[in-house]
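**Student:** Mind having a look at this structure? Questions to follow.
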Amino acid sequence: MFEVIEEHTNYVVLRDLDGDLVLYAKPNNSIYDARDPRLKEILKEPLKLEFWVDKDFILRNLYGPWEKLVLEVTTSCDNRCIYCIYNGSYKGERTHSNEFMKRDVAEKALHLYLQHNPKTPQISFWGGEPLVNFGLISYVVSRSRDLGLNPYFGITTNMNLASKYAEFIIRNLVLTTSLDGPKEIHDRFRKPINGKSSYENVMHAIEAIRNLSPQYVDDIIFSVVLSDPTRIGDVKDFFENLFPKNRLKISEVYRAQDHNFETYSDKRKYMESMQKLAFEFVDSKNPSNFLRALFGTALLISSRKLDNLQNNRIFPMGLCLPSHTIFVDTKGYLHPCQETSSIEIGNVDDGLDISKIVSNTFEYISKKQTLLKLLGCKDLPCMLCVSKR
Ligand code: SF4
């Protein structure tokens with residue numbers, strides 16, 4: 001949240017929450033620290049930014065170091081959450097199934113990752129529920145170390161099996177788990193197959209971890225889905241009281257067309273609650289982690305430096321740069337990330353399919369530009385939006 005100090009043709013001077021001056025440069029839709037040395041150049045003359053993608057740039061990224069490897073160790077899951085993206089209602093997404101990544105696929109994925117010289121290796125385990133294939137996780141952890149990768153390991157888990165593997169988790173993994181708030185909110189949509197309470201499973205696993213390592217509990221990352229947004233105040237109180245130190249990622253239910261989450265029907269109540277929390281965030285000198293996760297991201301996006309700004313040329317429309325993340329599915333096919341599993345860009349035997357990636361990238365940009373034109377979005381800042389990946 002900013003206070004406007006002066007407005008000029010190409011930029012606006014703003015004061016941020018800490019009282020520091022920042023500048024919003026209109027031509028490239030970015031916020032800069034007022035001491036940023038680049039501002040001299042930016043403010044001297046209007047920026048002439050242009051959309052830019054060329055094949056060399058894409059190739060340099062593809063052959064350059066990879067950042068993160070995500071392994072879909074299984075498609076199997078011991079939950080059937082109502083809002084799960086794999087529940088069959090979401091177009092283009094797979095449905096629940098029972099595939100398990102085999103060791104030879106994981107081995108090839110590790111070698112491919114090694115060939116692409118990751119600077120700070122990170123390997124994440126994804127599912128389904130990854131702990132259902134614990135044997136493979138344990139194999140990948142020890143093989144990666146044998147190969148000299150020494151990565152950070154992460155896992156996203158529903159915690160049903162986490163008590164059983166607590167010792168291993170504490171020793172090796174950064175853990176992200178889903179927790180939507182108090183029991184009656186969490187259990188409303190998150191459902192274990194065995195009919196038990198998902199909330200109890202999460203809390204039981206946290207206690208098992210706490211008994212072994214109390215400090216590890218503070219490092220757990222909670223992924224919070226606002227499945228009952230009208231009760232957002234209860235969710236906030238829950239996290240502020242029980243987990244004030246933890247990092248949170250908050251998202252809303254991604255609604256499929258044929259899924260009606262009736263809690264959204266009371267939009268007015270939802271908006272009122274959000275507004276109340278937004279004011280609390282703005283007024284607070286030291287907002288809670290919950291409020292930071294809820295509203296801080298919006299500021300981060302608007303102030304995010306455009307890393308790919310090179311010689312006043314911009315990689316358009318927040319498109320992900322290839323090789324930021326590589327997602328390997330159970331069968332060994334490569335995808336740009338775990339959220340784009342319907343797009344194949346190679347496999348663990350042959351590596352990346354370069355020509356396919358280049359042609360897909362150009363096709364995407366051209367379709368997106370056409371769409372934006374149809375929608376009447378002709379202004380440059382809008383076309384350069386970084387809020388969508
Ligand atoms: S735990 Fe995750 S993968 Fe499993 S059903 Fe729930 S949302 Fe889907």
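Each chain in the structure tokens gets a letter, A, B, ..., in the order shown, and its residues are numbered from 1; ligands are numbered from 1 in order too.
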How would you write, as a PyMOL selection string, the set of residues no farther than 10 Å from ligand 1 when counting only C-alpha atoms and all ligand atoms?

**Tutor:** chain A and resi 74-87+95-96+126-130+156-160+177-178+189-193+198+225

**Student:** Please list as a ChimeraX atom specification every residue within 12 Å of Glu6 in chain A, counting only C-alpha atoms and excluding residues in the same chain fewer than 6 positions away.

**Tutor:** /A:12-15,21-24

**Student:** Run DSSP on the backbone and grab whatever in range 36-285 of chain A lands in strand (DSSP E or B); send it over as a count of residues only.

**Tutor:** 40

**Student:** Set the distance at 10 Å and use only C-alpha atoms: which residues neighbour Asp219 in chain A once local chain neighbours fewer than 2 positions away are removed? I'd like the list as a PyMOL selection string.

**Tutor:** chain A and resi 174-176+214-217+221-222+245-247

**Student:** Which neighbours of Arg231 in chain A fall inside 9 Å, counting only C-alpha atoms, when residues of the same chain fewer than 5 positions from it are skipped, and could you give them as an MDAnalysis selection string?

**Tutor:** chainID A and resid 185 226 236 270 273

**Student:** Can you list, as a ChimeraX atom specification, every protein, DNA or RNA residue that comes within 12 Å of range 349-351 of chain A when you count only C-alpha atoms, leaving out same-chain residues fewer than 2 positions away?

**Tutor:** /A:62-63,104-116,323,326,328,331-335,344-347,353-357

**Student:** Near Lys68 in chain A, counting only C-alpha atoms, which residues have an atom at most 12 Å away, once you skip same-chain residues fewer than 6 positions from it, shown as JSON, numbers by chain?

**Tutor:** {"A": [109, 110, 113, 114, 116, 117, 118, 119, 120, 121, 122, 123, 124, 125, 151, 152, 153, 154, 322, 323, 324, 325, 326, 327, 328, 336, 337, 338]}

**Student:** Just how far from CA of Asn286 in chain A is CA of Ile5 in chain A, in Å to one decimal?

**Tutor:**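 Distance reported for this atom pair: 23.3 Å.
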
**Student:** Just how far from CA of Ala166 in chain A is CA of Val253 in chain A, in Å to one decimal?

**Tutor:** 28.9 Å

**Student:** When you draw a straight line from CA of Asp283 in chain A to CA of Ile250 in chain A, how long is it in Å?

**Tutor:**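 Straight-line distance from CA of Asp283 in chain A to CA of Ile250 in chain A works out to 20.7 Å.
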
**Student:** Restricting the calculation to only C-alpha atoms: of A:Ala278, A:Ile169, A:Ala162, A:Leu179, which residue gets closest to Phe243 in chain A?

**Tutor:**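 Among the listed residues, the smallest separation from Phe243 in chain A belongs to A:Leu179.
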